[in-house]
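Asker: Got a structure here, written out as structure tokens. Questions coming.
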Amino acid sequence: MFTVASREIYEEEIKRSRFIARAARAETPEEAMRIISEWSEADANHNCWAYRIGDVYRFSDDGEPGGTAGRPILAAIQGKGLDHVVVVVTRYFGGIKLGAGGLVRAYGGTASKCLDRAEKLEVKPVVRIEIKIPFNLKGRIYRILQDFKCLNLHEDSDEASLLLSFEIEAEFSEDIRLRVRDASSGDAGIKMESIG
């Protein structure tokens with residue numbers, strides 16, 4: 001999966017209308033909506049947008065004729081093979097109507113050019129893992145985890161057991177599961193959840 005490495009902006013004048021496209025990485029729909037709110041210019045005629053985060057996507061024409069703005073922006077994101085991306089295209093109307101086809105080309109085109117300028121970053125899918133073990137297995141399991149790049153490692157316990165939770169690149173999740181199962185002789189409880 002590829003996303004944009006940092007925020008990018010591209011501006012173009014089309015038949016006297018000014019189009020300003022902005023793109024950024026967003027990890028969640030809530031973050032995408034915050035960015036959209038931040039970038040929407042109150043004095044502009046339209047602030048059209050789209051985001052794609054995994055299987056979740058949304059778009060808005062913000063008053064432009066249906067299907068002429070948000071959907072072409074989303075098509076630009078998908079056409080570039082990007083994920084976890086939000087794009088906002090702001091339009092200041094210049095007095096000349098572009099027609100439906102002209103709007104599709106303007107919104108999709110400025111979004112596409114903005115994304116072309118953005119530096120791309122490969123993002124590997126991540127899995128959240130929870131391992132519940134008896135206390136006497138702690139040293140053995142920690143030795144296994146040291147072989148992997150575990151993110152956000154958290155430890156919690158009750159009277160009888162230890163709960164370890166962490167995130168790891170999905171490609172290593174099955175390896176960890178098998179090694180923990182073998183090291184604990186099946187006594188470890190393991191839960192995995194894909195988080196993107």
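Ligands are numbered from 1 in the order shown, chains are lettered A, B, ... in the order of the structure tokens, and residues start at 1 in each chain.
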Please run DSSP on the backbone and report, as an MDAnalysis selection string, all residues within chain A that come out as strand (DSSP E or B).

Answerer: chainID A and resid 2:4 8:14 17:25 46:53 56:60 82 85:92 120:122 126:134 151:157 161:169 189:194

Asker: So which residues touch Val4 of chain A within 8 Å, counting only C-alpha atoms, skipping near sequence neighbours fewer than 6 positions away, as a short mmCIF file (atom, residue, chain, number, x, y, z; two decimals) with N, CA and C atoms, in the first residue's frame?

Answerer:
```cif
data_model
loop_
_atom_site.label_atom_id
_atom_site.label_comp_id
_atom_site.auth_asym_id
_atom_site.auth_seq_id
_atom_site.Cartn_x
_atom_site.Cartn_y
_atom_site.Cartn_z
N ALA A 23 -3.60 17.61 -0.60
CA ALA A 23 -3.63 16.17 -0.29
C ALA A 23 -2.83 15.92 0.98
N ALA A 24 -3.28 14.92 1.74
CA ALA A 24 -2.57 14.55 2.97
C ALA A 24 -2.87 13.10 3.30
N ARG A 25 -2.04 12.55 4.16
CA ARG A 25 -2.27 11.22 4.71
C ARG A 25 -3.26 11.33 5.86
N LEU A 82 -3.47 4.82 -4.30
CA LEU A 82 -3.14 5.33 -2.96
C LEU A 82 -4.22 4.95 -1.95
N VAL A 85 -5.57 8.37 2.28
CA VAL A 85 -5.34 9.69 1.67
C VAL A 85 -6.65 10.48 1.67
N LEU A 115 -1.64 14.95 -6.44
CA LEU A 115 -1.12 13.65 -5.99
C LEU A 115 0.16 13.27 -6.72
N ALA A 118 3.06 14.84 -4.92
CA ALA A 118 3.31 14.36 -3.55
C ALA A 118 4.30 13.21 -3.53
N GLU A 119 5.19 13.25 -2.55
CA GLU A 119 6.11 12.13 -2.34
C GLU A 119 5.31 10.95 -1.81
N LYS A 120 5.59 9.76 -2.33
CA LYS A 120 4.85 8.57 -1.93
C LYS A 120 5.62 7.79 -0.87
N LEU A 121 4.86 7.09 -0.04
CA LEU A 121 5.42 6.33 1.06
C LEU A 121 4.76 4.97 1.08
#
```

Asker: Please determine, counting only C-alpha atoms, which residue among A:Asn136, A:Arg105, A:Arg177, A:Leu98 has the shortest atom-to-atom distance to Gly70 of chain A.

Answerer: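 Selected residue with least distance to Gly70 of chain A: A:Arg105.
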
Asker: Please provide as a list in words all residues within 9 Å of Tyr10 of chain A, with the sequence filter that same-chain residues fewer than 3 positions apart are discarded (counting only C-alpha atoms).

Answerer: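 The contact residues come out as Phe19, Ile20, Ala21, Arg22, Ala23, Thr110, Ala111, Lys113, Cys114, Leu115 and Arg117 of chain A.
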
Asker: Can you list, as JSON, numbers by chain, every protein, DNA or RNA residue that comes within 10 Å of Ser157 of chain A when you count only C-alpha atoms, leaving out same-chain residues fewer than 2 positions away?

Answerer: {"A": [132, 133, 134, 135, 155, 159, 160, 161, 162, 163, 164]}

Asker: So that I can see what lies close to Asp55 of chain A, please list as an mmCIF file with C-alpha atoms, in the first residue's frame the residues with an atom at most 12 Å from it, counting only C-alpha atoms and leaving out residues fewer than 3 positions away in the same chain.

Answerer:
```
data_model
loop_
_atom_site.group_PDB
_atom_site.id
_atom_site.type_symbol
_atom_site.label_atom_id
_atom_site.label_comp_id
_atom_site.auth_asym_id
_atom_site.auth_seq_id
_atom_site.Cartn_x
_atom_site.Cartn_y
_atom_site.Cartn_z
ATOM 1 C CA THR A 28 -8.830 7.287 10.216
ATOM 2 C CA PRO A 29 -12.053 8.735 8.778
ATOM 3 C CA TYR A 51 -10.898 10.241 1.127
ATOM 4 C CA ARG A 52 -10.003 6.570 0.998
ATOM 5 C CA ARG A 58 -16.446 9.111 1.177
ATOM 6 C CA GLN A 78 -7.809 5.275 -6.598
ATOM 7 C CA LEU A 82 -3.143 5.329 -2.965
ATOM 8 C CA ASP A 83 -4.702 4.574 0.394
ATOM 9 C CA HIS A 84 -5.071 6.470 3.690
ATOM 10 C CA ILE A 195 -5.770 -2.530 11.793
ATOM 11 C CA GLY A 196 -4.728 -1.409 8.326
#
```

Asker: Running DSSP on the backbone, which parts of segment 44-114 of chain A land in alpha helix (DSSP H), as a PyMOL selection string?

Answerer: chain A and resi 70-79+99-114

Asker: Could you please take those selected residues and save C-alpha atoms as a compact mmCIF listing (two decimals), in the first residue's frame?

Answerer:
```
# COMPACT_ATOMS: atom_id res chain seq x y z
CA GLY A 70 -16.14 14.41 -5.20
CA ARG A 71 -16.30 11.26 -7.31
CA PRO A 72 -13.57 12.47 -9.76
CA ILE A 73 -11.36 13.35 -6.77
CA LEU A 74 -11.87 9.84 -5.36
CA ALA A 75 -11.14 8.40 -8.83
CA ALA A 76 -7.81 10.30 -8.83
CA ILE A 77 -6.88 8.78 -5.45
CA GLN A 78 -7.81 5.27 -6.60
CA GLY A 79 -6.19 5.76 -10.02
CA GLY A 99 -20.31 22.30 -17.69
CA ALA A 100 -20.46 18.81 -16.18
CA GLY A 101 -17.58 17.41 -18.26
CA GLY A 102 -15.43 20.46 -17.59
CA LEU A 103 -16.03 20.18 -13.83
CA VAL A 104 -15.13 16.46 -13.83
CA ARG A 105 -11.89 17.23 -15.68
CA ALA A 106 -11.09 20.23 -13.45
CA TYR A 107 -11.66 18.53 -10.11
CA GLY A 108 -10.22 15.17 -11.11
CA GLY A 109 -7.33 16.80 -12.95
CA THR A 110 -6.22 19.15 -10.17
CA ALA A 111 -6.52 16.33 -7.62
CA SER A 112 -4.45 14.06 -9.87
CA LYS A 113 -1.75 16.70 -10.43
CA CYS A 114 -1.57 17.38 -6.69
```

Asker: Measuring atom to atom with only C-alpha atoms, identify which of A:Val86, A:Val123, A:Leu137, A:Ala183 is nearest to Glu30 of chain A.

Answerer: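 Result for the nearest residue to Glu30 of chain A: A:Val86.
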
Asker: Tell me which protein, DNA and RNA residues are within 7 Å of Ile131 of chain A, counting only C-alpha atoms, leaving out same-chain ones fewer than 3 positions away, and put them as a ChimeraX atom specification.

Answerer: /A:163-165,188-191

Asker: I'd like the contact shell of Phe93 of chain A - 9 Å cut-off, only C-alpha atoms, skipping same-chain residues fewer than 5 positions apart - returned as a PDB file with N, CA and C atoms, in the first residue's frame.

Answerer:
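Everything below was put into result.pdb:
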```pdb
ATOM      1  N   ARG A  16     -10.751  31.005 -15.733  1.00  0.00           N
ATOM      2  CA  ARG A  16     -10.857  32.058 -14.728  1.00  0.00           C
ATOM      3  C   ARG A  16     -11.286  31.577 -13.344  1.00  0.00           C
ATOM      4  N   SER A  17     -11.601  30.300 -13.185  1.00  0.00           N
ATOM      5  CA  SER A  17     -11.852  29.756 -11.844  1.00  0.00           C
ATOM      6  C   SER A  17     -10.541  29.263 -11.274  1.00  0.00           C
ATOM      7  N   ARG A  18     -10.349  29.508  -9.972  1.00  0.00           N
ATOM      8  CA  ARG A  18      -9.125  29.063  -9.310  1.00  0.00           C
ATOM      9  C   ARG A  18      -9.424  27.776  -8.546  1.00  0.00           C
ATOM     10  N   PHE A  19      -8.666  26.734  -8.838  1.00  0.00           N
ATOM     11  CA  PHE A  19      -8.791  25.435  -8.168  1.00  0.00           C
ATOM     12  C   PHE A  19      -7.543  25.196  -7.332  1.00  0.00           C
ATOM     13  N   ALA A  44     -14.669  30.478  -0.183  1.00  0.00           N
ATOM     14  CA  ALA A  44     -14.646  29.808  -1.487  1.00  0.00           C
ATOM     15  C   ALA A  44     -16.064  29.426  -1.898  1.00  0.00           C
ATOM     16  N   ASN A  45     -16.265  29.243  -3.200  1.00  0.00           N
ATOM     17  CA  ASN A  45     -17.575  28.810  -3.687  1.00  0.00           C
ATOM     18  C   ASN A  45     -17.837  27.344  -3.353  1.00  0.00           C
ATOM     19  N   HIS A  46     -16.801  26.511  -3.448  1.00  0.00           N
ATOM     20  CA  HIS A  46     -16.956  25.083  -3.194  1.00  0.00           C
ATOM     21  C   HIS A  46     -15.680  24.520  -2.568  1.00  0.00           C
TER      22      HIS A  46
END
```

Asker: Point out the residue among A:Glu41, A:Ile176, A:Trp49, A:Ile129 with the least atom-to-atom distance to Ser194 of chain A, counting only C-alpha atoms.

Answerer: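 Residue with the minimum atom-to-atom distance to Ser194 of chain A: A:Ile129.
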
Asker: So the first atom is atom CA of Phe166 of chain A and the second is atom CA of Gly139 of chain A; what is the distance between them in Å, to one decimal place?

Answerer: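 So the two atoms, atom CA of Phe166 of chain A and atom CA of Gly139 of chain A, lie 16.4 Å apart.
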
Asker: How far is it from atom CA of Glu171 of chain A to atom CA of Ile144 of chain A, in Å with one decimal?

Answerer: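 Straight-line distance from atom CA of Glu171 of chain A to atom CA of Ile144 of chain A works out to 15.7 Å.
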
Asker: Could you check the closest approach to Phe148 of chain A for each of A:Glu130, A:Ile14, A:Ile35, A:Glu167 and tell me which residue wins, using only C-alpha atoms?

Answerer: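 With only C-alpha atoms as the atom set, the closest residue is A:Glu167.
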
Asker: A:Ile141, A:Lys97, A:Lys80, A:Ala32: which is nearest Lys15 of chain A, counting only C-alpha atoms?

Answerer: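 Distance minimum relative to Lys15 of chain A lands on A:Lys97.
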